[in-house]
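Student: Supplied in structure tokens, the structure appears directly below.
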Number of protein chains: 6
Amino acid sequence: MLFVTRRVQFSASHRLHNPELSPARNKELFGPCNNKNGHGHNYEVEVVVKGRPDPRTGMFINLTQLKAILEEQVVKVANHRSLDRDVPFMKGRLSTTENLAVAIWETVEPRLPAGRLHLVRVRESENNMVEYSGPEETHGH
Amino acid sequence: MLFVTRRVQFSASHRLHNPELSPARNKELFGPCNNKNGHGHNYEVEVVVKGRPDPRTGMFINLTQLKAILEEQVVKVANHRSLDRDVPFMKGRLSTTENLAVAIWETVEPRLPAGRLHLVRVRESENNMVEYSGPEETHGH
Amino acid sequence: MLFVTRRVQFSASHRLHNPELSPARNKELFGPCNNKNGHGHNYEVEVVVKGRPDPRTGMFINLTQLKAILEEQVVKVANHRSLDRDVPFMKGRLSTTENLAVAIWETVEPRLPAGRLHLVRVRESENNMVEYSGPEETHGH
Amino acid sequence: MLFVTRRVQFSASHRLHNPELSPARNKELFGPCNNKNGHGHNYEVEVVVKGRPDPRTGMFINLTQLKAILEEQVVKVANHRSLDRDVPFMKGRLSTTENLAVAIWETVEPRLPAGRLHLVRVRESENNMVEYSGPEETHGH
Amino acid sequence: MLFVTRRVQFSASHRLHNPELSPARNKELFGPCNNKNGHGHNYEVEVVVKGRPDPRTGMFINLTQLKAILEEQVVKVANHRSLDRDVPFMKGRLSTTENLAVAIWETVEPRLPAGRLHLVRVRESENNMVEYSGPEETHGH
Amino acid sequence: MLFVTRRVQFSASHRLHNPELSPARNKELFGPCNNKNGHGHNYEVEVVVKGRPDPRTGMFINLTQLKAILEEQVVKVANHRSLDRDVPFMKGRLSTTENLAVAIWETVEPRLPAGRLHLVRVRESENNMVEYSGPEETHGH
């Protein structure tokens, strides 16, 4: 089995705040990420697809198409935006990196042939990274 | 002459918008960075100081003190904040990376022995970087 | 399933030497890493935990707590130390990167909720990395 | 189970072109990678081996030997070469990163103890990476 | 004085060979880079421009325009090409990294306001980098 | 003027301790770097040389020779060693990164044509870097 990874990047702002919880509980849960005016990151997104190469092309997915999907559906939508207020695929979700990885999976998966998406990886900073392997697999990494 | 570089990092949001210009001119000048709800970055700040080492210590600046100044005056003030609304040293300045480098110079320079600060380098992303060598030098890099 | 990775770093010295083997066998097995006065590395440690996010918080582990465990149990104990002489969790183990990954697993795992730890990754240099997926899993990466 | 990763790098040129397909189809499939005079990359190859450490050595594979295999069989053969014209292990294969990962697996695997090779990872650029977990495993990453 | 750096990347093949020298002398001078079928790299180009920011915009150069110049004149021309056979700005020059840096300076400089270009930096690999500060300055870095 | 940078890396241990000062003063000056059993780093050394390219070769220095000097005089001597006890060029110097940069300059400079060495850069970790531009120049970076 072969795994192909394509990376894209975008910059966005966000604030962690659940309006159903008290201000004190929000502060306790999210710490400085609850700062009223938001803050931001350079997000790095890696999408891993799996398959077996076609002998005539030596490829199993057209990277140009995969890149176009990611640019169109993720980068163009989220780059230089607020994850909380501007990005449709984050609507109704707290903007944690965990939820962002799930949302990108749900955005990209239906646009690929069935069973091809293997993992979505989101790096929020040098020190923090989240990976999502989809709703059915029990391990991903 | 020796040059010592210390790196720190912080995450912040910002929006490029000059209220004295028209919305159309702001859009034209700043493009997606003018997005109403802001966006953000992982900023990487490198401060370069210069000197000659003391033979007894093999150092000319106490890196622990330099680190403390950067943590106290830059990281603690800007991390998980909005550069436009929360950060005193950016008050009255558009939050371009250029202005951020100048503001960090002006924040750090008076806290170091005279003539020690050589360069402030701010990396906004993998592809964009600004360096400031102070108001008097005619080259810096 | 979601996987959250947190990175920490520390600098330490070590020497590969098994006193139960002859000097010649030690030299043959460990090469320059057997150098009498030791050598050292900037170690990069990544801890991967797994879970499903709580819908109210968008998280399944408190990253502030995970960071505190790693800082307290790994960085504070090993940073600017000798792995062979100063670090309790390496007592009785040769200081290979392999053993270091296992020791960090055994140090961190009991401090997390059961079944949460997924992988410990230790990068000794740009070119060498070890991953440990625990005593029971049969694959990890 | 422990996983040890060793990285090597080489620079090579290549051209994606299947002589059994029409020029137009080649252009459509491979885009700029079909350019007549070729282009090139700094390839980064990571080989992941698995095992359990020997208590007397704290290792399960001799990294010096693994490094020697990779230098001898991959770097020396492909570095500063054309993948299409100069590299025997790529003979009869289109020089996609997918095929390169498979070819490196097939080159390295017989030179290691049976069952030790876990994954071959090839990074063609900052944004593109392929992983191959061998002909029998159904997941690799 | 402020220095703004913009990075772009491209992949290209090349061969170091001076037809005016004997095959033996070419081999001696250029070693494996003289390989008949060429080899290639992921080149990383950083262009440093200098200036003082306009107080109304907080910028002194429009990064969108600088990016467009680099994409149009460097990346589009050299990416997925042979430096020796396909790239007009390398015509008549041996494709050393040194000559590439000079050629990029000569390509970009006339498209910027006079005196703005400060440095061209070309990274051929993790370990090799060349910088060019133009025909008149006597230091650059 | 052209600047060529070559990078090498080595791993070494060290301890900051001046026997002419009291234990308390050593502790105060060097903090955790004064730890009795030492600690270590992956050091990254970049050597910058300057010149004008020879039109027949497109180069002004033979990178193979420069690499050989660095491998022979720096890496082979310091890699997997203690800077304080094993490395001749550090004899009589405290093993600060500052002194290491000066010692590498003094080791490499006499082996290059006069006036060619421009800068020695030593990175001790992601966050700390020292540059030395030689005894006579008044700026280096």
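Identifiers for the structure tokens are assigned positionally: chains receive A, B, ... in sequence, residues are indexed from 1 per chain, and ligands are indexed from 1 in the order shown.
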Report as a list of chain:residue names all protein, DNA and RNA residues lying within 7 Å of Thr5 of chain A, evaluated on only C-alpha atoms, omitting residues in the same chain fewer than 6 positions from it.
Tutor: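 The filter keeps A:Glu46, A:Val47, A:Val48, A:Val49, D:Asn128, D:Met129, D:Val130.
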Student: Quick one: contact table of chain A to chain C, 10 Å max, nearest atom pair and distance in Å to one decimal per residue, counting only C-alpha atoms, chain and number order, as a Markdown table?
Tutor:
| residue | atom | partner | partner_atom | distance |
| --- | --- | --- | --- | --- |
| A:Leu16 | CA | C:Thr57 | CA | 8.7 |
| A:His17 | CA | C:Thr57 | CA | 8.6 |
| A:Asn18 | CA | C:Arg56 | CA | 7.2 |
| A:Pro19 | CA | C:Arg56 | CA | 9.9 |
| A:Glu20 | CA | C:Arg56 | CA | 8.3 |
| A:Leu21 | CA | C:Arg56 | CA | 8.5 |
| A:Asn26 | CA | C:Thr57 | CA | 8.9 |
| A:Leu29 | CA | C:Thr57 | CA | 7.7 |
| A:Phe30 | CA | C:Thr57 | CA | 8.5 |
| A:Gly31 | CA | C:Thr64 | CA | 8.5 |
| A:Arg93 | CA | C:Gly58 | CA | 7.5 |
| A:Leu94 | CA | C:Gly58 | CA | 5.9 |
| A:Ser95 | CA | C:Gly58 | CA | 7.6 |
| A:Thr96 | CA | C:Gly58 | CA | 5.8 |
| A:Thr97 | CA | C:Gly58 | CA | 8.4 |
| A:Glu98 | CA | C:Met59 | CA | 6.4 |
| A:Asn99 | CA | C:Gly58 | CA | 6.0 |
| A:Leu100 | CA | C:Gly58 | CA | 9.4 |
| A:Ala101 | CA | C:Leu2 | CA | 8.6 |
| A:Val102 | CA | C:Leu2 | CA | 8.5 |
| A:Leu119 | CA | C:Leu2 | CA | 10.0 |
| A:Val120 | CA | C:Leu2 | CA | 9.8 |
| A:Arg121 | CA | C:Phe3 | CA | 9.0 |
| A:Val122 | CA | C:Val4 | CA | 9.6 |
| A:Arg123 | CA | C:Thr5 | CA | 9.1 |
| A:Ser125 | CA | C:Arg7 | CA | 9.8 |
| A:Glu126 | CA | C:Arg7 | CA | 7.6 |
| A:Asn127 | CA | C:Arg7 | CA | 4.6 |
| A:Asn128 | CA | C:Arg6 | CA | 5.0 |
| A:Met129 | CA | C:Thr5 | CA | 4.9 |
| A:Val130 | CA | C:Val4 | CA | 4.4 |
| A:Glu131 | CA | C:Phe3 | CA | 4.9 |
| A:Tyr132 | CA | C:Leu2 | CA | 4.7 |
| A:Ser133 | CA | C:Met1 | CA | 6.0 |
| A:Gly134 | CA | C:Met1 | CA | 6.6 |
| A:Pro135 | CA | C:Met1 | CA | 6.6 |
| A:Glu136 | CA | C:Met1 | CA | 7.8 |
| A:Glu137 | CA | C:Met1 | CA | 7.0 |
| A:Thr138 | CA | C:Met1 | CA | 6.0 |
| A:His139 | CA | C:Met1 | CA | 6.5 |
| A:Gly140 | CA | C:Met1 | CA | 7.4 |
| A:His141 | CA | C:His141 | CA | 5.2 |
Student: Given the choices B:Lys27, B:Arg116, B:Arg111, B:His80, which gets closest to His41 of chain B if the distance is worked out from only C-alpha atoms?
Tutor: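 Ranked by minimum distance to His41 of chain B, first place goes to B:His80.
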Student: I'd like to know which residues of chain C are helix (DSSP H, G or I) (by DSSP, run on the backbone); could you write them as an NGL selection string?
Tutor: :C and (23-34 or 63-78 or 88-90 or 97-111)
Student: DSSP says strand (DSSP E) for which residues of chain F? Put them as a PyMOL selection string?
Tutor: chain F and resi 2-14+39-51+81-82+117-125+128-132
Student: Using only C-alpha atoms, which residue out of C:Asp86, C:Glu124, C:Val108, C:Ala114 lies closest to Glu44 of chain C?
Tutor: C:Glu124
Student: Which residues, written as a PyMOL selection string, have at least one atom at most 12 Å from Leu83 of chain C, with only C-alpha atoms counted and residues fewer than 5 positions away on the same chain left out?
Tutor: (chain C and resi 10-16+38-41+43+74-75+77-78+88-97+99-100+103) or (chain F and resi 13+37-40)
Student: Go ahead and write the selection's residues with N, CA, C and O atoms as a short mmCIF file (atom, residue, chain, number, x, y, z; two decimals), in the first residue's frame.
Tutor:
data_model
loop_
_atom_site.label_atom_id
_atom_site.label_comp_id
_atom_site.auth_asym_id
_atom_site.auth_seq_id
_atom_site.Cartn_x
_atom_site.Cartn_y
_atom_site.Cartn_z
N PHE C 10 15.15 18.83 25.00
CA PHE C 10 16.16 19.03 26.05
C PHE C 10 17.54 18.69 25.49
O PHE C 10 17.66 17.99 24.49
N SER C 11 18.58 19.21 26.15
CA SER C 11 19.98 18.94 25.78
C SER C 11 20.59 18.08 26.86
O SER C 11 20.48 18.41 28.05
N ALA C 12 21.26 17.00 26.47
CA ALA C 12 21.87 16.12 27.47
C ALA C 12 23.11 15.47 26.88
O ALA C 12 23.27 15.37 25.67
N SER C 13 23.98 15.00 27.78
CA SER C 13 25.15 14.24 27.33
C SER C 13 24.92 12.77 27.64
O SER C 13 24.07 12.40 28.46
N HIS C 14 25.67 11.89 26.97
CA HIS C 14 25.59 10.46 27.28
C HIS C 14 26.81 9.75 26.74
O HIS C 14 27.59 10.29 25.96
N ARG C 15 26.97 8.50 27.17
CA ARG C 15 28.02 7.63 26.66
C ARG C 15 27.44 6.23 26.57
O ARG C 15 26.81 5.76 27.53
N LEU C 16 27.64 5.55 25.44
CA LEU C 16 27.18 4.17 25.31
C LEU C 16 28.30 3.25 25.76
O LEU C 16 29.37 3.21 25.14
N GLY C 38 32.18 11.05 26.86
CA GLY C 38 30.79 11.33 26.48
C GLY C 38 30.67 12.30 25.33
O GLY C 38 31.65 12.84 24.83
N HIS C 39 29.45 12.48 24.87
CA HIS C 39 29.11 13.49 23.89
C HIS C 39 27.65 13.85 24.15
O HIS C 39 27.11 13.43 25.17
N GLY C 40 27.01 14.61 23.29
CA GLY C 40 25.66 15.02 23.66
C GLY C 40 24.78 15.37 22.49
O GLY C 40 25.22 15.35 21.34
N HIS C 41 23.54 15.65 22.79
CA HIS C 41 22.55 15.93 21.75
C HIS C 41 21.51 16.94 22.25
O HIS C 41 21.29 17.07 23.45
N TYR C 43 17.91 16.64 22.22
CA TYR C 43 16.87 15.65 21.99
C TYR C 43 15.52 16.34 21.79
O TYR C 43 15.19 17.29 22.50
N VAL C 74 10.09 15.06 32.30
CA VAL C 74 11.13 14.78 31.30
C VAL C 74 12.14 15.93 31.19
O VAL C 74 13.33 15.76 31.43
N VAL C 75 11.66 17.12 30.83
CA VAL C 75 12.59 18.22 30.54
C VAL C 75 13.36 18.63 31.79
O VAL C 75 14.59 18.71 31.79
N VAL C 77 14.00 17.05 34.43
CA VAL C 77 14.84 15.96 34.94
C VAL C 77 16.08 15.73 34.06
O VAL C 77 17.15 15.37 34.56
N ALA C 78 15.95 15.94 32.75
CA ALA C 78 17.03 15.54 31.84
C ALA C 78 17.79 16.72 31.21
O ALA C 78 18.92 16.54 30.75
N PRO C 88 17.20 9.89 36.82
CA PRO C 88 16.67 8.68 37.46
C PRO C 88 15.97 7.72 36.50
O PRO C 88 16.15 6.51 36.58
N PHE C 89 15.16 8.22 35.55
CA PHE C 89 14.40 7.27 34.71
C PHE C 89 15.29 6.49 33.73
O PHE C 89 14.83 5.53 33.11
N MET C 90 16.58 6.84 33.64
CA MET C 90 17.50 6.08 32.79
C MET C 90 18.38 5.14 33.62
O MET C 90 19.20 4.41 33.05
N LYS C 91 18.19 5.12 34.94
CA LYS C 91 19.03 4.30 35.83
C LYS C 91 18.90 2.83 35.42
O LYS C 91 17.80 2.30 35.27
N GLY C 92 20.05 2.16 35.25
CA GLY C 92 20.03 0.75 34.88
C GLY C 92 19.77 0.49 33.41
O GLY C 92 19.60 -0.66 32.99
N ARG C 93 19.74 1.53 32.59
CA ARG C 93 19.54 1.34 31.15
C ARG C 93 20.72 1.99 30.40
O ARG C 93 21.13 3.10 30.74
N LEU C 94 21.18 1.33 29.36
CA LEU C 94 22.12 1.97 28.46
C LEU C 94 21.42 3.15 27.79
O LEU C 94 20.25 3.05 27.41
N SER C 95 22.14 4.25 27.58
CA SER C 95 21.48 5.47 27.10
C SER C 95 21.36 5.51 25.57
O SER C 95 21.66 6.52 24.94
N THR C 96 20.88 4.40 24.97
CA THR C 96 20.54 4.44 23.55
C THR C 96 19.23 5.22 23.37
O THR C 96 18.43 5.35 24.30
N THR C 97 19.03 5.72 22.17
CA THR C 97 17.78 6.43 21.89
C THR C 97 16.60 5.48 22.04
O THR C 97 15.51 5.87 22.47
N ASN C 99 16.30 2.96 24.25
CA ASN C 99 15.96 2.88 25.66
C ASN C 99 15.37 4.17 26.20
O ASN C 99 14.51 4.15 27.09
N LEU C 100 15.82 5.29 25.66
CA LEU C 100 15.28 6.58 26.09
C LEU C 100 13.79 6.68 25.74
O LEU C 100 12.97 7.13 26.57
N ALA C 103 11.92 4.49 28.19
CA ALA C 103 11.90 5.09 29.53
C ALA C 103 10.92 6.25 29.61
O ALA C 103 10.24 6.45 30.63
N SER F 13 29.50 16.92 24.00
CA SER F 13 29.09 17.30 25.35
C SER F 13 29.99 18.43 25.84
O SER F 13 31.08 18.65 25.31
N ASN F 37 28.03 16.81 35.67
CA ASN F 37 28.25 15.73 34.72
C ASN F 37 28.12 16.15 33.25
O ASN F 37 28.09 15.30 32.36
N GLY F 38 28.01 17.43 33.02
CA GLY F 38 27.95 17.90 31.65
C GLY F 38 26.59 17.68 31.00
O GLY F 38 25.68 17.08 31.59
N HIS F 39 26.44 18.21 29.81
CA HIS F 39 25.25 17.97 28.98
C HIS F 39 25.75 18.11 27.55
O HIS F 39 26.95 18.19 27.32
N GLY F 40 24.86 18.12 26.56
CA GLY F 40 25.39 18.13 25.20
C GLY F 40 24.45 18.74 24.20
O GLY F 40 23.32 19.11 24.51
#
